[in-house]
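> Quick one, protein_24.tsv (TSV, C-alpha atoms):
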```tsv
chain	number	residue	atom	x	y	z
A	26	MET	CA	83.45	27.09	-50.02
A	27	LEU	CA	80.19	26.41	-48.20
A	28	THR	CA	79.35	23.27	-50.15
A	29	ARG	CA	82.81	21.82	-49.52
A	30	ALA	CA	82.63	22.73	-45.81
A	31	LEU	CA	79.32	20.91	-45.45
A	32	THR	CA	80.51	17.61	-46.88
A	33	GLY	CA	80.63	14.66	-44.49
A	34	PRO	CA	80.51	10.86	-44.37
A	35	HIS	CA	76.72	10.61	-44.39
A	36	ARG	CA	75.81	13.68	-46.42
A	37	GLN	CA	75.08	14.23	-50.08
A	38	ILE	CA	75.95	17.83	-50.99
A	39	ILE	CA	74.88	19.45	-54.26
A	40	GLY	CA	76.15	22.79	-55.55
A	41	VAL	CA	73.99	24.60	-58.12
A	42	ASP	CA	75.04	27.60	-60.18
A	43	PRO	CA	73.95	28.94	-63.59
A	44	ALA	CA	77.48	30.15	-64.43
A	45	PRO	CA	79.73	27.45	-65.97
A	46	ALA	CA	82.86	29.48	-65.14
A	47	MET	CA	81.95	29.58	-61.45
A	48	LEU	CA	81.37	25.83	-61.40
A	49	ALA	CA	84.63	25.16	-63.25
A	50	TYR	CA	86.50	27.16	-60.60
A	51	ALA	CA	84.66	25.40	-57.76
A	52	ALA	CA	85.39	21.97	-59.23
A	53	ARG	CA	89.15	22.68	-59.09
A	54	GLN	CA	89.17	23.35	-55.35
A	55	PRO	CA	90.30	20.83	-52.70
A	56	GLY	CA	87.49	18.48	-51.73
A	57	ALA	CA	85.35	19.44	-54.72
A	58	GLU	CA	85.03	15.79	-55.72
A	59	ARG	CA	82.79	15.25	-52.67
A	60	VAL	CA	80.20	17.64	-54.13
A	61	ARG	CA	77.78	16.97	-56.97
A	62	TRP	CA	77.83	20.07	-59.20
A	63	ILE	CA	74.84	21.13	-61.32
A	64	ASN	CA	74.99	23.83	-63.99
A	65	GLY	CA	71.59	25.48	-63.87
A	66	ASP	CA	69.05	26.67	-61.33
A	67	ALA	CA	66.72	25.30	-58.65
A	68	HIS	CA	64.36	23.83	-61.25
A	69	LEU	CA	66.95	21.14	-62.02
A	70	LEU	CA	66.92	19.83	-58.45
A	71	GLY	CA	63.67	17.91	-58.82
A	72	THR	CA	62.35	16.07	-55.77
A	73	LEU	CA	65.50	15.43	-53.76
A	74	ASP	CA	63.98	14.93	-50.31
A	75	ALA	CA	66.69	17.35	-49.12
A	76	ASP	CA	67.07	18.35	-45.47
A	77	LEU	CA	68.30	21.85	-46.31
A	78	VAL	CA	68.58	24.26	-49.24
A	79	VAL	CA	70.80	27.31	-48.79
A	80	MET	CA	70.93	30.34	-51.09
A	81	THR	CA	74.09	32.38	-50.51
A	82	GLY	CA	75.50	35.68	-51.73
A	83	HIS	CA	72.17	37.55	-51.66
A	84	VAL	CA	71.13	35.47	-54.69
A	85	ALA	CA	67.49	35.95	-53.64
A	86	GLN	CA	67.78	39.51	-54.93
A	87	ILE	CA	68.65	38.62	-58.51
A	88	PHE	CA	65.05	37.52	-59.11
A	89	LEU	CA	63.68	40.83	-60.33
A	90	GLU	CA	60.21	39.61	-61.26
A	91	ASP	CA	57.88	38.14	-58.67
A	92	THR	CA	56.95	35.33	-61.06
A	93	ASP	CA	60.60	34.18	-61.30
A	94	TRP	CA	61.11	34.44	-57.54
A	95	GLN	CA	57.91	32.51	-56.86
A	96	ALA	CA	58.82	29.79	-59.38
A	97	THR	CA	62.20	29.37	-57.67
A	98	LEU	CA	60.59	29.05	-54.25
A	99	HIS	CA	58.18	26.43	-55.58
A	100	ALA	CA	61.12	24.48	-57.04
A	101	ILE	CA	62.86	24.63	-53.66
A	102	HIS	CA	59.67	23.49	-51.92
A	103	ALA	CA	59.66	20.44	-54.21
A	104	ALA	CA	63.34	19.74	-53.49
A	105	VAL	CA	63.16	19.72	-49.68
A	106	ARG	CA	61.52	16.94	-47.68
A	107	PRO	CA	58.49	17.62	-45.49
A	108	GLY	CA	59.96	19.31	-42.41
A	109	GLY	CA	63.05	20.36	-44.41
A	110	HIS	CA	64.43	23.89	-44.41
A	111	LEU	CA	65.44	26.76	-46.68
A	112	ALA	CA	67.92	29.40	-45.47
A	113	PHE	CA	68.84	32.54	-47.39
A	114	GLU	CA	69.79	36.18	-47.08
A	115	SER	CA	68.50	39.39	-48.61
A	116	ARG	CA	69.49	42.99	-47.99
A	117	ASN	CA	66.98	44.93	-45.92
A	118	PRO	CA	65.50	47.77	-48.03
A	119	GLU	CA	65.05	49.85	-44.86
A	120	ASP	CA	68.85	50.03	-44.53
A	121	ARG	CA	69.10	51.65	-48.00
A	122	ALA	CA	72.47	50.02	-48.70
A	123	TRP	CA	72.60	51.48	-52.22
A	124	GLU	CA	73.16	54.93	-50.75
A	125	ARG	CA	76.61	53.68	-49.67
A	126	TRP	CA	77.44	52.18	-53.07
A	127	ASN	CA	79.68	54.87	-54.48
A	128	ARG	CA	83.33	55.15	-55.45
A	129	ASP	CA	84.45	56.83	-52.23
A	130	ALA	CA	82.85	54.24	-49.94
A	131	THR	CA	83.63	51.08	-51.96
A	132	PHE	CA	87.02	51.78	-53.56
A	133	THR	CA	89.47	48.90	-53.03
A	134	GLU	CA	92.86	47.96	-54.45
A	135	LEU	CA	93.64	44.28	-54.93
A	136	ASP	CA	96.70	42.29	-55.92
A	137	THR	CA	95.58	39.64	-58.42
A	138	PRO	CA	97.26	37.16	-60.80
A	139	TYR	CA	96.73	39.87	-63.44
A	140	GLY	CA	98.44	42.60	-61.42
A	141	ARG	CA	97.02	45.35	-59.27
A	142	VAL	CA	93.33	46.07	-59.75
A	143	GLU	CA	91.25	48.98	-58.50
A	144	THR	CA	87.58	48.19	-57.87
A	145	TRP	CA	84.53	50.19	-56.88
A	146	ILE	CA	80.73	50.30	-57.22
A	147	GLU	CA	78.48	53.03	-58.56
A	148	VAL	CA	74.68	53.15	-58.54
A	149	HIS	CA	73.03	54.16	-61.80
A	150	HIS	CA	69.30	54.07	-61.05
A	151	VAL	CA	66.92	53.37	-58.16
A	152	SER	CA	63.19	52.85	-58.68
A	153	ASP	CA	60.33	50.54	-57.73
A	154	LYS	CA	62.38	48.47	-55.25
A	155	ARG	CA	65.06	47.87	-57.87
A	156	VAL	CA	68.63	49.12	-57.91
A	157	ARG	CA	70.76	49.20	-61.05
A	158	PHE	CA	74.48	49.55	-60.44
A	159	ALA	CA	77.84	48.54	-61.86
A	160	GLY	CA	81.08	47.14	-60.54
A	161	TYR	CA	84.16	48.89	-61.97
A	162	ASN	CA	87.47	47.05	-62.29
A	163	ARG	CA	90.51	48.96	-63.52
A	164	PHE	CA	93.67	46.99	-64.30
A	165	CYS	CA	96.48	49.32	-63.27
A	166	ALA	CA	99.16	47.84	-65.55
A	167	THR	CA	97.17	48.36	-68.74
A	168	GLY	CA	94.56	50.94	-67.76
A	169	GLU	CA	91.83	48.59	-69.01
A	170	LEU	CA	88.47	49.23	-67.36
A	171	VAL	CA	85.98	46.36	-67.08
A	172	VAL	CA	82.47	47.41	-66.09
A	173	VAL	CA	80.04	44.76	-64.86
A	174	PRO	CA	76.41	45.95	-64.73
A	175	SER	CA	73.90	44.38	-62.36
A	176	GLU	CA	70.40	44.88	-60.98
A	177	LEU	CA	68.88	43.77	-57.67
A	178	ARG	CA	65.38	43.63	-56.22
A	179	PHE	CA	64.95	44.71	-52.60
A	180	ARG	CA	62.01	42.92	-50.91
A	181	SER	CA	60.78	43.78	-47.44
A	182	LEU	CA	60.49	41.11	-44.75
A	183	ARG	CA	56.71	41.18	-45.20
A	184	GLU	CA	57.04	40.60	-48.95
A	185	ILE	CA	59.45	37.73	-48.32
A	186	GLN	CA	57.09	36.16	-45.76
A	187	GLU	CA	54.16	36.37	-48.18
A	188	SER	CA	56.11	34.87	-51.07
A	189	LEU	CA	57.34	31.99	-48.91
A	190	HIS	CA	53.82	31.32	-47.66
A	191	THR	CA	52.54	31.18	-51.24
A	192	ALA	CA	55.20	28.55	-52.00
A	193	GLY	CA	54.22	26.41	-48.99
A	194	LEU	CA	57.13	27.52	-46.79
A	195	THR	CA	56.88	29.14	-43.36
A	196	ILE	CA	59.51	31.37	-41.76
A	197	THR	CA	60.67	29.89	-38.46
A	198	GLN	CA	63.55	32.28	-37.66
A	199	VAL	CA	64.69	35.70	-38.86
A	200	TYR	CA	68.14	37.10	-38.04
A	201	SER	CA	70.18	40.17	-38.91
A	202	ASP	CA	73.29	38.12	-39.78
A	203	TRP	CA	74.55	34.55	-40.11
A	204	PHE	CA	75.64	34.66	-36.44
A	205	ARG	CA	71.97	34.78	-35.36
A	206	GLY	CA	72.00	38.45	-34.44
A	207	PRO	CA	68.56	39.89	-33.63
A	208	GLN	CA	66.58	41.34	-36.53
A	209	THR	CA	65.72	45.02	-36.26
A	210	PRO	CA	63.84	47.31	-38.68
A	211	THR	CA	67.13	48.80	-39.89
A	212	SER	CA	69.32	45.67	-39.89
A	213	ARG	CA	71.53	45.49	-42.96
A	214	SER	CA	70.41	41.98	-43.83
A	215	ILE	CA	67.39	39.77	-43.48
A	216	ILE	CA	68.44	36.17	-42.82
A	217	CYS	CA	65.46	33.86	-43.21
A	218	VAL	CA	65.09	30.25	-42.13
A	219	ALA	CA	61.91	28.74	-43.54
A	220	GLN	CA	60.42	25.28	-43.28
A	221	ARG	CA	58.24	23.08	-45.44
A	222	GLY	CA	55.29	21.66	-43.52
A	223	ALA	CA	56.16	18.38	-41.81
A	224	THR	CA	52.82	16.73	-42.58
A	225	GLU	CA	52.61	17.42	-46.32
```
Show me, as structure tokens, the structure contained in the file I just sent.

Amino acid sequence: MLTRALTGPHRQIIGVDPAPAMLAYAARQPGAERVRWINGDAHLLGTLDADLVVMTGHVAQIFLEDTDWQATLHAIHAAVRPGGHLAFESRNPEDRAWERWNRDATFTELDTPYGRVETWIEVHHVSDKRVRFAGYNRFCATGELVVVPSELRFRSLREIQESLHTAGLTITQVYSDWFRGPQTPTSRSIICVAQRGATE
């Protein structure tokens, strides 16, 4: 949705995702032909001289190892032009969001093309800034239960700042949400806008 919304007469928009199914769905949406789709990760971007790279959906947290996170930031640094920006979101570990990830707090019923579905989240393990959890999806018509496991890394604002600095990027703004709300120690999210040096 974001890539299609950003398209314009004088813009080249690229959407990158490692999941072929996600890209196939995106490519079927109205206006998708105005976007260049890449199946892969940031390393496939190369040196684009891009004005802006945006990571959405808390994707910054799927990089569990610091080496993988750092390699991604270096690839983004190479993709943006000097003076260009990176914007992304990460959940604030001080908010301890995982303590609200349980069946009672997250249970939802949805009407889907496959009938009514009940969904919820349950945390399985928390340690060393990592949270392992699963999304549960029960199809009411058949009783089938599909469980999708996942794991996220929660980095503090200081850790994020240090990792960006190592990659040659400097934070210019920090917000609590995408509406530019002020960042506080217990904000649910950390929204970072970082910039590559203009004189590189």
> Have a look at CA of Cys217 in chain A and CA of Ala51 in chain A and let me know their distance in Å, one decimal.
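It comes out at 25.5 Å.
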> Under the rule of at most 9 Å, produce a per-residue listing of range 94-141 of chain A near range 176-185 of chain A: chain, number, name, the closest pair of atoms, and the distance in Å, as JSON lines, using only C-alpha atoms.

```
{"residue": "A:Ser115", "atom": "CA", "partner": "A:Phe179", "partner_atom": "CA", "distance": 7.5}
{"residue": "A:Arg116", "atom": "CA", "partner": "A:Phe179", "partner_atom": "CA", "distance": 6.7}
{"residue": "A:Asn117", "atom": "CA", "partner": "A:Ser181", "partner_atom": "CA", "distance": 6.5}
{"residue": "A:Pro118", "atom": "CA", "partner": "A:Phe179", "partner_atom": "CA", "distance": 5.5}
{"residue": "A:Glu119", "atom": "CA", "partner": "A:Ser181", "partner_atom": "CA", "distance": 7.9}
```
> Would you kindly return, as a list in words, each protein, DNA or RNA residue with an atom no farther than 9 Å from any atom of range 53-57 of chain A, considering all atoms listed in the file and excluding same-chain residues fewer than 4 positions away?
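Returned residues: Met26, Thr28, Arg29, Ala30, Thr32, Leu48, Ala49, Arg61 and Trp62 of chain A.
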> If you measure from CA of Thr224 in chain A to CA of Ser188 in chain A, what distance in Å do you get, rounded to one decimal?
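CA of Ser188 in chain A lies at a distance of 20.3 Å from CA of Thr224 in chain A.
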> Which residue out of A:Thr167, A:Ser214, A:Thr209, A:Asn64 has the minimum interatomic distance to Pro45 in chain A when all atoms listed in the file are used?
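Going through A:Thr167, A:Ser214, A:Thr209, A:Asn64 one by one, the smallest distance to Pro45 in chain A is for A:Asn64.
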> When distances are computed from only C-alpha atoms, which of A:Glu147, A:Asp136, A:Glu225, A:Asp76 shows the smallest separation from Cys165 in chain A?
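Result for the nearest residue to Cys165 in chain A: A:Asp136.
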> Would you list the contacts of Glu169 in chain A as a ChimeraX atom specification, taking every protein, DNA or RNA residue within 12 Å and counting all atoms listed in the file, but skipping same-chain residues closer than 3 positions in sequence?
/A:139-144,161-166,172
> Find the residue from A:Ala223, A:Ile39, A:Leu77, A:Ala67 that sits nearest to Gln95 in chain A; use all atoms listed in the file when measuring.
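Under the stated criterion, the closest residue is A:Ala67.
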> Go ahead and compute the interatomic distance for CA of Leu98 in chain A and CA of Tyr50 in chain A, in Å to one decimal.
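Computing it gives 26.7 Å between the two atoms.
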> Counting only C-alpha atoms, which of A:Asn127, A:Leu170, A:Leu89, A:Val60 gets nearest to His149 in chain A?
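So, comparing all the options, the nearest one is A:Asn127.
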> Pick from A:Gly108, A:Ile146, A:Glu114, A:Ala130: nearest to Tyr200 in chain A, with only C-alpha atoms counted?
A:Glu114
